[in-house]
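For reference, the structure is listed below as structure tokens.
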Amino acid sequence: MAEEKKVVRKKIEATVQMNRYMSDYFYELNEADKTRNRKIAWCTSVGPAEILRAMGFLVHFPENHGAMLGATRMSTDMIPIANASGYSPEICSYLTADVGAYMKGVTPLSRAYPGIDRVPRPDVLVYNTNQCRDVQDWFAWYAAEFKVPMLGIHTHRGVKDVGDAHVASIASQMKALIPQLEAISGNKFDMDKLRHVLALSKECSTLWKKVLDTASAKPSPITFFDGTIHMGPAVVLRGTQTAVDYYNLLLAELETRIQNKVAAVEGERFRLYWDGMPMWGRLRDHSDLFAGAGVSVLASTYCNSWIFSAFDPEDPFNSMARAYTELFIVRADDAKEAYIRRMIEFFKVDGIIYHDAKTCPNNSNCRYGMPQRLEALTGVPSLTINGDLNDLRLVSDEQTKTNVEAFIEQLEEK
Amino acid sequence: MKDSQPVFAGIDVGASRTKVVILDREQQIIGRAVVKSGTDFEAASRQCLTLALDMAGRTAGQIAKAMTTGYGRKNVAISQESKTEISCHARGCYYYFPRPISIIDIGGQDNKIIKLDESGKRLSFKMNRKCAAGTGAFLEEMSVRLDIPLEDLDGLARQSLNMVELGSFCTVFSATEVLEKIRQGKKVPDIVKGLFFSVIKRVMEMDSLSEHVVMTGGVVAHNAFLVLMMEEMIGRRILVPEYPQLTGALGAALYAMEKN
């Protein structure tokens with residue numbers, strides 16, 4: 001029988017330390033939730049966490065919780081609960097999984113961290129629509145549930161070139177949050193504290209970029225699938241020394257791998273770029289599917305989304321506004337295409353996988369002809385696979401497998 | 001002693017039917033068979049292989065190499081090696097039509113559009129999404145709803161004088177729409193032609209087509225009228241191989257020969 005090859009994964013040693021840091025982060029939030037000794041803010045994954053940290057909040061990220069629901073494959077059972085209460089199966093499945101889990105009174109945190117039985121209760125919810133409009137509706141549900149204030153930043157979308165007008169608009173919205181956050185936190189805003197947090201965030205971002213850039217080595221020491229796990233600290237601990245310490249550790253290990261020619265995927269034959277969200281409940285299956293064929297999916301738009309090169313502690317508000325608007329997801333298609341072309345060259349990729357995530361249009365970049373345009377420009381072939389970030393009802397494993405295998409056969413015949 | 005020479009087997013274990021092609025050293029098809037895949041892919045593939053070998057007048061011991069393909073390609077013990085149906089259909093079609101082609105394959109459970117260049121190299125491929133719209137499963141479901149044997153659909157569609165156009169690709173929604181058309185007094189041949197047109201429209205939105213178009217698959221093999229309708233739609237002749245249902249198995253046999 002044509003059996004699939006058993007895949008032996010190379011463990012990243014730093015993972016042990018990352019798990020400790022993540023554990024400390026969740027237990028600290030849990031402690032604050034139980035004792036109310038610290039104020040808790042909920043924040044969207046791409047800012048403005050730095051402002052919240054500088055004002056003394058502990059920060060919970062619902063998107064991180066959504067990803068945990070997906071990775072533990074709890075999400076598909078939770079989504080219908082939110083659907084039944086009026087939240088469509090067509091909208092963000094982070095939102096529906098997260099709200100559904102809350103309604104059912106369960107959380108993946110309980111499985112990973114004994115003693116934690118719920119997500120930490122917020123004192124304030126702060127969103128930025130740079131990811132999508134769904135985050136606003138998501139936070140609005142919790143604002144009503146917990147009867148706490150919800151604040152937000154409304155980002156421009158489809159931006160071709162980030163100009164001063166965009167930056168000024170976002171910076172002024174950020175500044176407008178301050179008086180309200182002062183009232184909620186009971187702390188006076190301190191510019192020096194913000195500069196300090198931003199300097200740490202910048203350092204985290206620089207190190208995270210270096211970590212991801214190690215994938216340009218042949219063979220690559222890291223895969224996209226590793227990246228989706230190791231980006232945890234860049235999301236939830238950005239702006240702390242802990243995140244900086246972690247990425248120094250991880251980077252050193254990956255650089256040693258490069259020196260010793262240690263490949264993340266044994267016998268790397270082809271190098272692929274992943275565009276779009278991961279399918280959280282299928283991370284291991286997809287990692288095995290590609291690695292088993294000697295294919296390294298080594299870089300992605302998604303993991304790169306937590307690189308904020310524009311951060312400047314000397315000019316906090318304007319630089320945060322610029323960094324959070326320069327993001328791939330906020331940009332027009334021509335800026336996105338130029339970006340992916342740079343990635344193709346830098347990471348020396350043989351092909352691109354586009355994940356068309358049914359419930360995440362903003363992270364599905366294959367819906368307006370981009371794969372066809374890029375292929376015509378670069379000659380690099382691509383494959384679009386249909387699925388979803390969290391709703392496994394929208395995933396067909398057999399079709400994904402056949403499509404991926406056929407794409408690899410196409411690369412072999414090239 | 002030609003009959004004692006080794007042969008090559010291609011086994012296409014599809015979601016609906018299992019197909020086998022036996023090739024001799026000169027790449028001639030000397031045996032072929034089609035059976036229902038059912039739920040036991042192993043048994044179906046063995047039965048199909050036996051039938052094809054019988055037709056070829058050969059024994060299993062004479063198979064120099066076999067290759068599996070199709071939905072159940074990794075579920076049968078006959079061969080250690082497999083290739084996806086995308087590669088095998090491409091190879092099988094290029095065997096008949098060695099030129100730049102766009103292949104439309106309509107199978108029991110999926111549709112494919114595969115584009116090849118003049119050397120037979122694959123340029124791109126598309127498969128249907130997680131949806132049975134426009135596949136053999138769509139027509140099977142409709143034949144049940146209309147209480148018409150599947151094999152009668154082609155003849156009925158040819159009798160249509162005033163095709164009923166259906167608005168939806170979706171199997172479930174189309175079934176409701178068909179019932180509505182029956183209530184309105186529409187004629188069955190006109191509805192069946194409408195169903196065929198629905199299949200064509202679904203395929204046409206999957207990808208663009210190059211100049212030379214080849215159609216294959218079980219649905220094409222059993223519904224030749226579909227090809228005529230597609231020709232009318234695109235305004236040019238469509239190429240159909242000798243055994244449109246067997247191009248995947250043929251491609252697998254050609255790969256087996258190449259790998260030997």
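Every chain in the structure tokens takes a letter, A first, then B, and so on in the order presented; its residues are numbered from 1, and the ligands are numbered from 1 following the presented order.
Residues in contact range of Asp213 in chain A, defined as at most 10 Å between only C-alpha atoms, with sequence neighbours fewer than 3 positions away removed, read Leu207, Trp208, Lys209, Lys210, Ser216, Ala217, Ser220, Ile222, Leu251, Leu298, Ala299, Asn304, Met343, Phe346 and Phe347 of chain A.
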Item to check | Counting only C-alpha atoms, chain A residues within 9 Å of chain B, as a PyMOL selection string | outcome: chain A and resi 1-4+381-387+394-396+398-399+402-403+405-407+409-410+413-414
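Residues in contact with range 208-213 of chain B at up to 10 Å, not including ones fewer than 4 positions away on its chain and judged by only C-alpha atoms, are Phe97, Arg99, Pro100, Ile101, Ser102, Ile103, Ile104, Ile113, Ile114, Lys115, Leu116, Asp117, Val203, Met204, Glu231, Ile234, Arg236, Arg237, Ile238, Leu239 and Val240 of chain B.
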Save the residues we just selected, N, CA, C and O atoms, as a short mmCIF file (atom, residue, chain, number, x, y, z; two decimals), in the first residue's frame?
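File written: result.cif
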data_model
loop_
_atom_site.label_atom_id
_atom_site.label_comp_id
_atom_site.auth_asym_id
_atom_site.auth_seq_id
_atom_site.Cartn_x
_atom_site.Cartn_y
_atom_site.Cartn_z
N PHE B 97 -3.49 13.55 -26.92
CA PHE B 97 -3.45 14.88 -27.56
C PHE B 97 -2.17 15.62 -27.16
O PHE B 97 -2.19 16.47 -26.25
N ARG B 99 -0.29 18.27 -27.27
CA ARG B 99 -0.26 19.69 -27.64
C ARG B 99 -0.69 20.50 -26.40
O ARG B 99 -1.12 19.89 -25.41
N PRO B 100 -0.64 21.82 -26.43
CA PRO B 100 -1.12 22.58 -25.26
C PRO B 100 -2.63 22.35 -25.10
O PRO B 100 -3.37 22.60 -26.05
N ILE B 101 -3.05 21.88 -23.95
CA ILE B 101 -4.48 21.57 -23.76
C ILE B 101 -4.98 22.04 -22.40
O ILE B 101 -4.21 22.15 -21.44
N SER B 102 -6.29 22.29 -22.36
CA SER B 102 -6.99 22.47 -21.08
C SER B 102 -7.89 21.25 -20.91
O SER B 102 -8.71 20.98 -21.79
N ILE B 103 -7.70 20.55 -19.83
CA ILE B 103 -8.49 19.33 -19.60
C ILE B 103 -9.61 19.64 -18.61
O ILE B 103 -9.36 20.19 -17.54
N ILE B 104 -10.83 19.28 -19.00
CA ILE B 104 -11.95 19.37 -18.06
C ILE B 104 -12.31 17.94 -17.70
O ILE B 104 -12.75 17.17 -18.56
N ILE B 113 -9.87 21.24 -13.65
CA ILE B 113 -9.41 21.84 -14.90
C ILE B 113 -7.88 21.86 -14.81
O ILE B 113 -7.32 22.41 -13.85
N ILE B 114 -7.25 21.20 -15.77
CA ILE B 114 -5.79 21.06 -15.75
C ILE B 114 -5.26 21.64 -17.05
O ILE B 114 -5.76 21.32 -18.13
N LYS B 115 -4.25 22.50 -16.93
CA LYS B 115 -3.68 23.11 -18.15
C LYS B 115 -2.27 22.59 -18.37
O LYS B 115 -1.44 22.59 -17.44
N LEU B 116 -2.00 22.17 -19.62
CA LEU B 116 -0.67 21.66 -19.99
C LEU B 116 -0.07 22.51 -21.10
O LEU B 116 -0.81 23.06 -21.93
N ASP B 117 1.26 22.59 -21.12
CA ASP B 117 1.89 23.30 -22.24
C ASP B 117 2.20 22.31 -23.36
O ASP B 117 1.82 21.13 -23.29
N VAL B 203 -18.48 24.42 -14.16
CA VAL B 203 -17.13 24.14 -14.64
C VAL B 203 -16.50 25.39 -15.25
O VAL B 203 -15.33 25.70 -15.00
N MET B 204 -17.30 26.12 -16.00
CA MET B 204 -16.79 27.29 -16.71
C MET B 204 -16.30 28.40 -15.77
O MET B 204 -15.48 29.22 -16.14
N GLU B 231 -19.44 22.41 -26.32
CA GLU B 231 -18.92 22.92 -27.60
C GLU B 231 -19.70 24.15 -28.04
O GLU B 231 -19.14 25.13 -28.51
N ILE B 234 -18.62 27.14 -25.78
CA ILE B 234 -17.32 27.79 -26.00
C ILE B 234 -17.05 28.09 -27.48
O ILE B 234 -16.07 28.75 -27.81
N ARG B 236 -16.23 26.09 -30.01
CA ARG B 236 -15.23 25.32 -30.76
C ARG B 236 -15.33 23.85 -30.39
O ARG B 236 -15.93 23.49 -29.38
N ARG B 237 -14.67 23.03 -31.21
CA ARG B 237 -14.74 21.59 -31.01
C ARG B 237 -13.97 21.17 -29.78
O ARG B 237 -12.93 21.74 -29.46
N ILE B 238 -14.49 20.17 -29.10
CA ILE B 238 -13.81 19.66 -27.91
C ILE B 238 -13.26 18.28 -28.23
O ILE B 238 -13.89 17.48 -28.91
N LEU B 239 -12.06 18.03 -27.73
CA LEU B 239 -11.42 16.75 -27.96
C LEU B 239 -11.84 15.78 -26.86
O LEU B 239 -11.83 16.15 -25.67
N VAL B 240 -12.20 14.58 -27.24
CA VAL B 240 -12.57 13.56 -26.25
C VAL B 240 -11.76 12.30 -26.56
O VAL B 240 -11.79 11.81 -27.68
#
Checklist entry - What is the distance, in Å and to one decimal place, between CA of Val59 in chain A and CA of Asp134 in chain A? => result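 Between these atoms lies a distance of 19.5 Å.
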Item to check | Residues flagged alpha helix (DSSP H) by DSSP in range 145-280 of chain A, as a VMD selection string | outcome: chain A and resid 145 to 146 164 to 185 191 to 213 224 to 230 232 to 236 241 to 259
Next on the checklist: Please report the interatomic distance between CA of Pro108 in chain A and CA of His60 in chain A in Å with one decimal.
Outcome noted: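 Computing it gives 14.2 Å between the two atoms.
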Item to check | Residue contacts of Ile22 in chain B (12 Å, only C-alpha atoms) excluding same-chain residues fewer than 2 positions away, as a PyMOL selection string | outcome: chain B and resi 6-12+19-20+24-33+48-60+62-67+246+249-254+256-257
Please, could you write that set of residues out with N, CA and C atoms as a short mmCIF file (atom, residue, chain, number, x, y, z; two decimals), in the first residue's frame?
data_model
loop_
_atom_site.label_atom_id
_atom_site.label_comp_id
_atom_site.auth_asym_id
_atom_site.auth_seq_id
_atom_site.Cartn_x
_atom_site.Cartn_y
_atom_site.Cartn_z
N PRO B 6 6.13 -8.54 -20.16
CA PRO B 6 5.56 -7.85 -19.00
C PRO B 6 4.59 -6.74 -19.43
N VAL B 7 3.67 -6.43 -18.52
CA VAL B 7 2.70 -5.36 -18.79
C VAL B 7 2.71 -4.36 -17.63
N PHE B 8 2.01 -3.26 -17.81
CA PHE B 8 1.99 -2.20 -16.81
C PHE B 8 0.54 -1.86 -16.47
N ALA B 9 0.29 -1.71 -15.19
CA ALA B 9 -1.10 -1.50 -14.76
C ALA B 9 -1.28 -0.13 -14.12
N GLY B 10 -2.35 0.54 -14.51
CA GLY B 10 -2.75 1.79 -13.87
C GLY B 10 -4.10 1.57 -13.21
N ILE B 11 -4.17 1.88 -11.91
CA ILE B 11 -5.41 1.61 -11.16
C ILE B 11 -5.92 2.93 -10.59
N ASP B 12 -7.07 3.37 -11.08
CA ASP B 12 -7.65 4.64 -10.64
C ASP B 12 -8.83 4.33 -9.71
N LYS B 19 -11.17 2.15 -11.95
CA LYS B 19 -10.85 1.88 -13.35
C LYS B 19 -9.44 1.31 -13.43
N VAL B 20 -9.25 0.34 -14.33
CA VAL B 20 -7.90 -0.23 -14.52
C VAL B 20 -7.58 -0.22 -16.01
N ASP B 24 0.74 -2.59 -22.77
CA ASP B 24 1.89 -3.44 -23.13
C ASP B 24 3.11 -2.54 -23.32
N ARG B 25 4.21 -3.13 -23.71
CA ARG B 25 5.46 -2.37 -23.84
C ARG B 25 5.38 -1.27 -24.90
N GLU B 26 4.47 -1.46 -25.85
CA GLU B 26 4.32 -0.46 -26.93
C GLU B 26 3.31 0.62 -26.56
N GLN B 27 2.95 0.66 -25.31
CA GLN B 27 1.99 1.65 -24.78
C GLN B 27 0.60 1.48 -25.40
N GLN B 28 0.26 0.27 -25.79
CA GLN B 28 -1.07 0.00 -26.31
C GLN B 28 -1.96 -0.50 -25.18
N ILE B 29 -3.21 -0.04 -25.15
CA ILE B 29 -4.15 -0.51 -24.13
C ILE B 29 -4.61 -1.90 -24.53
N ILE B 30 -4.22 -2.91 -23.74
CA ILE B 30 -4.62 -4.28 -24.09
C ILE B 30 -5.67 -4.81 -23.11
N GLY B 31 -5.90 -4.09 -22.04
CA GLY B 31 -6.93 -4.51 -21.09
C GLY B 31 -7.48 -3.29 -20.37
N ARG B 32 -8.76 -3.34 -20.07
CA ARG B 32 -9.38 -2.22 -19.34
C ARG B 32 -10.64 -2.71 -18.65
N ALA B 33 -10.99 -2.08 -17.56
CA ALA B 33 -12.21 -2.45 -16.84
C ALA B 33 -12.66 -1.30 -15.95
N CYS B 48 -11.39 -5.31 -10.37
CA CYS B 48 -11.21 -4.54 -11.60
C CYS B 48 -9.93 -4.96 -12.33
N LEU B 49 -8.89 -5.19 -11.54
CA LEU B 49 -7.61 -5.61 -12.13
C LEU B 49 -7.75 -6.98 -12.79
N THR B 50 -8.46 -7.88 -12.12
CA THR B 50 -8.65 -9.23 -12.68
C THR B 50 -9.39 -9.14 -14.02
N LEU B 51 -10.43 -8.30 -14.05
CA LEU B 51 -11.20 -8.15 -15.30
C LEU B 51 -10.33 -7.60 -16.43
N ALA B 52 -9.52 -6.62 -16.10
CA ALA B 52 -8.66 -5.99 -17.12
C ALA B 52 -7.59 -6.98 -17.59
N LEU B 53 -7.03 -7.74 -16.65
CA LEU B 53 -6.01 -8.73 -17.02
C LEU B 53 -6.63 -9.83 -17.90
N ASP B 54 -7.85 -10.24 -17.55
CA ASP B 54 -8.53 -11.26 -18.35
C ASP B 54 -8.71 -10.77 -19.79
N MET B 55 -9.11 -9.51 -19.90
CA MET B 55 -9.30 -8.94 -21.24
C MET B 55 -7.97 -8.93 -22.02
N ALA B 56 -6.90 -8.65 -21.28
CA ALA B 56 -5.58 -8.59 -21.93
C ALA B 56 -4.99 -9.99 -22.15
N GLY B 57 -5.59 -10.98 -21.52
CA GLY B 57 -5.06 -12.33 -21.61
C GLY B 57 -3.74 -12.48 -20.86
N ARG B 58 -3.59 -11.78 -19.77
CA ARG B 58 -2.37 -11.82 -18.97
C ARG B 58 -2.70 -12.19 -17.53
N THR B 59 -1.64 -12.44 -16.77
CA THR B 59 -1.83 -12.78 -15.36
C THR B 59 -1.21 -11.69 -14.49
N ALA B 60 -1.57 -11.69 -13.21
CA ALA B 60 -1.02 -10.68 -12.29
C ALA B 60 0.49 -10.78 -12.22
N GLN B 62 2.50 -11.13 -14.48
CA GLN B 62 3.16 -10.47 -15.62
C GLN B 62 3.21 -8.94 -15.47
N ILE B 63 2.65 -8.44 -14.40
CA ILE B 63 2.67 -6.98 -14.22
C ILE B 63 4.08 -6.58 -13.76
N ALA B 64 4.77 -5.84 -14.61
CA ALA B 64 6.12 -5.39 -14.26
C ALA B 64 6.05 -4.29 -13.21
N LYS B 65 5.06 -3.43 -13.33
CA LYS B 65 4.89 -2.37 -12.34
C LYS B 65 3.45 -1.85 -12.40
N ALA B 66 2.95 -1.49 -11.22
CA ALA B 66 1.60 -0.92 -11.15
C ALA B 66 1.67 0.40 -10.40
N MET B 67 0.74 1.27 -10.72
CA MET B 67 0.67 2.57 -10.05
C MET B 67 -0.79 2.86 -9.75
N LEU B 246 -11.21 6.56 -18.60
CA LEU B 246 -10.00 5.80 -18.25
C LEU B 246 -8.71 6.61 -18.32
N ALA B 249 -6.50 6.23 -15.18
CA ALA B 249 -5.87 4.91 -15.10
C ALA B 249 -4.78 4.77 -16.17
N LEU B 250 -5.05 5.32 -17.35
CA LEU B 250 -4.05 5.27 -18.41
C LEU B 250 -2.79 6.05 -18.00
N GLY B 251 -3.01 7.23 -17.45
CA GLY B 251 -1.87 8.04 -16.99
C GLY B 251 -1.07 7.29 -15.93
N ALA B 252 -1.78 6.63 -15.01
CA ALA B 252 -1.08 5.87 -13.96
C ALA B 252 -0.25 4.75 -14.58
N ALA B 253 -0.81 4.08 -15.59
CA ALA B 253 -0.07 3.00 -16.26
C ALA B 253 1.16 3.55 -16.98
N LEU B 254 1.03 4.73 -17.57
CA LEU B 254 2.17 5.35 -18.25
C LEU B 254 3.26 5.73 -17.24
N ALA B 256 3.71 4.18 -14.43
CA ALA B 256 4.28 2.91 -13.98
C ALA B 256 5.36 2.45 -14.96
N MET B 257 5.07 2.59 -16.23
CA MET B 257 6.03 2.19 -17.26
C MET B 257 7.30 3.04 -17.17
#
